[in-house]
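Down below is the structure, laid out as structure tokens.
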Amino acid sequence: MQLLDGKLVSQTIKAQLAAEVAAGLKKTPHLAAILVGENAASQVYVNSKIKSCEEVGFKSTLIQRPAETTEAELLELVQQLNSDPDVDGFIVQLPLPKHINDERVTLAIDHRKDVDGFHPINFGRMAQGMPAFLPATPYGIVEILRHYHIETAGKNCVVVGRSNIVGTPISILLSRKGYPGDCTVTLTHSRTHDLPAEVRRADIVVAAIGIPEFIKGDWVKEGAVVIDVGINRVADESKKSGFKLVGDVDFESVAPKCSYITPVPGGVGLMTVTALLINTLKASKREIYG
């Protein structure tokens, strides 16, 4: 069993991005982030994105607004960033307060600045194999597979979870022509009949269902590659914080059977931010939309 080290892959890509910035670009890439409310996890994620920008020499802007911010006020802020020529890409950190419609906000973002890859135009272009800003977490998964030269062509891949943020887009990416892709993909979910049997067929498992340690060792066949997207807090009195982070995979029982597996933490999560940086550089260079 070999760990797929997201920290190593992230550092490698960040070094490449920093070198490209240092070599001289027409414009320093500029990523902006909007954070509405006081969600602690969101604050951690956004701070990580801002710190990563600094590491590679990108410009970053954090715009914080209180939880009482109205949907109209947020949409106005989105329009300001859409029209700001200095901002190459921006994100609106999810989840948003319940009184704000996530979908309406996503649709308001200029697809040419949608470095999260959530806008339907980018999603549709991805599905058709056209150049697009790829959703950050699936993009990070693809880059891990690429870094470790994991064979994907003709492999059976089972994705557990069908969200628009991870499950559905990674199922599309891994089924597209070319590497890493050319998989035969099964997209499973909570209504799938005999889910353990489906997972046992997989050469590659992508677990993105959001349930702590959901996938057990007897679900996974010998030699499988397991990508654990989950980041779940569970109580642990031995920790100073009172909790520990675990994935959607029961690591202790699954890891011994795998050829490769991502750890949690230290796996896919770090690559999500890195993929966001790649998209921001592409936006700055006008690689996707000219």
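Just so we're on the same page: first chain in the structure tokens is A, next is B, and so on; residues restart at 1 for each chain, and ligands are numbered from 1 in the order they show up.
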Open item on the list: I want to know what sits within 9 Å of stretch 108-121 of chain A, based on only C-alpha atoms, with residues of the same chain fewer than 5 positions away left out; could you give that as a count of residues only?
Closed with: 34
Could I get the residues of stretch 154-221 of chain A with an atom no further than 7 Å from an atom of stretch 242-250 of chain A, each paired with its nearest atom pair and that distance in Å to one decimal, using only C-alpha atoms, sorted by chain and residue number, as a Markdown table?
```
| residue | atom | partner | partner_atom | distance |
| --- | --- | --- | --- | --- |
| A:Ala207 | CA | A:Asp248 | CA | 6.1 |
| A:Ala208 | CA | A:Asp248 | CA | 6.7 |
| A:Ile209 | CA | A:Asp248 | CA | 6.7 |
| A:Gly210 | CA | A:Asp248 | CA | 6.1 |
| A:Ile211 | CA | A:Asp248 | CA | 5.4 |
| A:Pro212 | CA | A:Asp248 | CA | 4.7 |
| A:Glu213 | CA | A:Asp250 | CA | 4.1 |
| A:Phe214 | CA | A:Asp248 | CA | 5.2 |
| A:Ile215 | CA | A:Val249 | CA | 4.7 |
| A:Lys216 | CA | A:Asp250 | CA | 5.4 |
```
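Once A:Gln93 and its same-chain neighbours fewer than 2 positions away are set aside, Ala33, Ile34, Leu35, Val36, Ser42, Val46, Ile91, Pro95 and Leu96 of chain A remain within 8 Å of it when counting only C-alpha atoms.
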Task: Exercise: stretch 185-188 of chain A partners within 6 Å, only C-alpha atoms, chain neighbours under 4 positions left out, as a list in words - done: Cys157, Val158, Val159, Val160, Gly161 and Thr192 of chain A
Selection to disk with C-alpha atoms, as a PDB file, in the first residue's frame:
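This went into again.pdb:
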```
ATOM      1  CA  CYS A 157     -14.152   3.241 -11.391  1.00  0.00           C
ATOM      2  CA  VAL A 158     -16.933   3.493  -8.805  1.00  0.00           C
ATOM      3  CA  VAL A 159     -17.795   6.942  -7.495  1.00  0.00           C
ATOM      4  CA  VAL A 160     -19.765   6.983  -4.231  1.00  0.00           C
ATOM      5  CA  GLY A 161     -21.766  10.211  -4.013  1.00  0.00           C
ATOM      6  CA  THR A 192     -27.980   2.360  -5.103  1.00  0.00           C
TER       7      THR A 192
END
```
Open item on the list: Restricting the calculation to only C-alpha atoms: of A:Lys155, A:Glu237, A:Gly267, A:Cys183, which residue gets closest to A:Glu143?
Closed with: A:Gly267
Open item on the list: Among stretch 108-182 of chain A, which ones does DSSP assign to helix (DSSP H, G or I) (computed from the backbone)? Answer as a PyMOL selection string.
Closed with: chain A and resi 108+111-113+120-127+136-147+167-175
TODO: Please identify all polymer residues within 8 Å of stretch 12-22 of chain A, counting only C-alpha atoms, omitting same-chain residues fewer than 4 positions from it, and present them as a ChimeraX atom specification.
DONE: /A:8,28,55-58,274,278
TODO: Give me, please, the distance in Å between atom CA of A:Val226 and atom CA of A:Cys258, quoted to one decimal.
DONE: 6.9 Å
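The shell of residues at most 10 Å from A:Arg65, with only C-alpha atoms counted and near chain neighbours (fewer than 3 positions) removed, consists of Ile34, Leu35, Val36, Gly37, Glu38, Leu62, Glu68, Thr69, Thr70, Glu73 and Leu74 of chain A.
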For the residues selected in the previous step, produce a file with N, CA and C atoms as a PDB file, in the first residue's frame.
```
ATOM      1  N   ILE A  34     -15.124  35.819  -1.483  1.00  0.00           N
ATOM      2  CA  ILE A  34     -16.183  36.430  -0.692  1.00  0.00           C
ATOM      3  C   ILE A  34     -16.594  35.439   0.390  1.00  0.00           C
ATOM      4  N   LEU A  35     -16.587  35.897   1.624  1.00  0.00           N
ATOM      5  CA  LEU A  35     -16.983  35.061   2.764  1.00  0.00           C
ATOM      6  C   LEU A  35     -18.126  35.759   3.493  1.00  0.00           C
ATOM      7  N   VAL A  36     -19.280  35.101   3.534  1.00  0.00           N
ATOM      8  CA  VAL A  36     -20.457  35.666   4.186  1.00  0.00           C
ATOM      9  C   VAL A  36     -20.734  34.871   5.464  1.00  0.00           C
ATOM     10  N   GLY A  37     -20.763  35.570   6.593  1.00  0.00           N
ATOM     11  CA  GLY A  37     -21.056  34.905   7.855  1.00  0.00           C
ATOM     12  C   GLY A  37     -19.820  34.466   8.608  1.00  0.00           C
ATOM     13  N   GLU A  38     -20.044  33.684   9.671  1.00  0.00           N
ATOM     14  CA  GLU A  38     -18.979  33.325  10.609  1.00  0.00           C
ATOM     15  C   GLU A  38     -18.712  31.827  10.662  1.00  0.00           C
ATOM     16  N   LEU A  62      -9.632  39.302   0.153  1.00  0.00           N
ATOM     17  CA  LEU A  62     -10.689  38.661   0.934  1.00  0.00           C
ATOM     18  C   LEU A  62     -11.745  39.706   1.278  1.00  0.00           C
ATOM     19  N   GLU A  68     -25.949  38.621   8.069  1.00  0.00           N
ATOM     20  CA  GLU A  68     -27.216  39.298   7.767  1.00  0.00           C
ATOM     21  C   GLU A  68     -27.233  39.894   6.367  1.00  0.00           C
ATOM     22  N   THR A  69     -26.111  39.815   5.653  1.00  0.00           N
ATOM     23  CA  THR A  69     -26.050  40.348   4.291  1.00  0.00           C
ATOM     24  C   THR A  69     -27.198  39.779   3.454  1.00  0.00           C
ATOM     25  N   THR A  70     -27.880  40.652   2.722  1.00  0.00           N
ATOM     26  CA  THR A  70     -29.001  40.186   1.906  1.00  0.00           C
ATOM     27  C   THR A  70     -28.499  39.575   0.609  1.00  0.00           C
ATOM     28  N   GLU A  73     -27.587  42.297  -1.814  1.00  0.00           N
ATOM     29  CA  GLU A  73     -26.276  42.910  -1.549  1.00  0.00           C
ATOM     30  C   GLU A  73     -25.145  42.013  -2.045  1.00  0.00           C
ATOM     31  N   LEU A  74     -25.292  40.708  -1.840  1.00  0.00           N
ATOM     32  CA  LEU A  74     -24.261  39.780  -2.304  1.00  0.00           C
ATOM     33  C   LEU A  74     -24.201  39.770  -3.829  1.00  0.00           C
TER      34      LEU A  74
END
```
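Using only C-alpha atoms, the shortest contact distance between A:Leu270 and any of A:Ala67, A:Val205, A:Val142, A:Val9 is found at A:Val9.
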Open item on the list: Counting only C-alpha atoms, which residue out of A:Leu281, A:Ala197, A:Ala32, A:Val206 sits closest to A:Asp86?
Closed with: A:Ala32
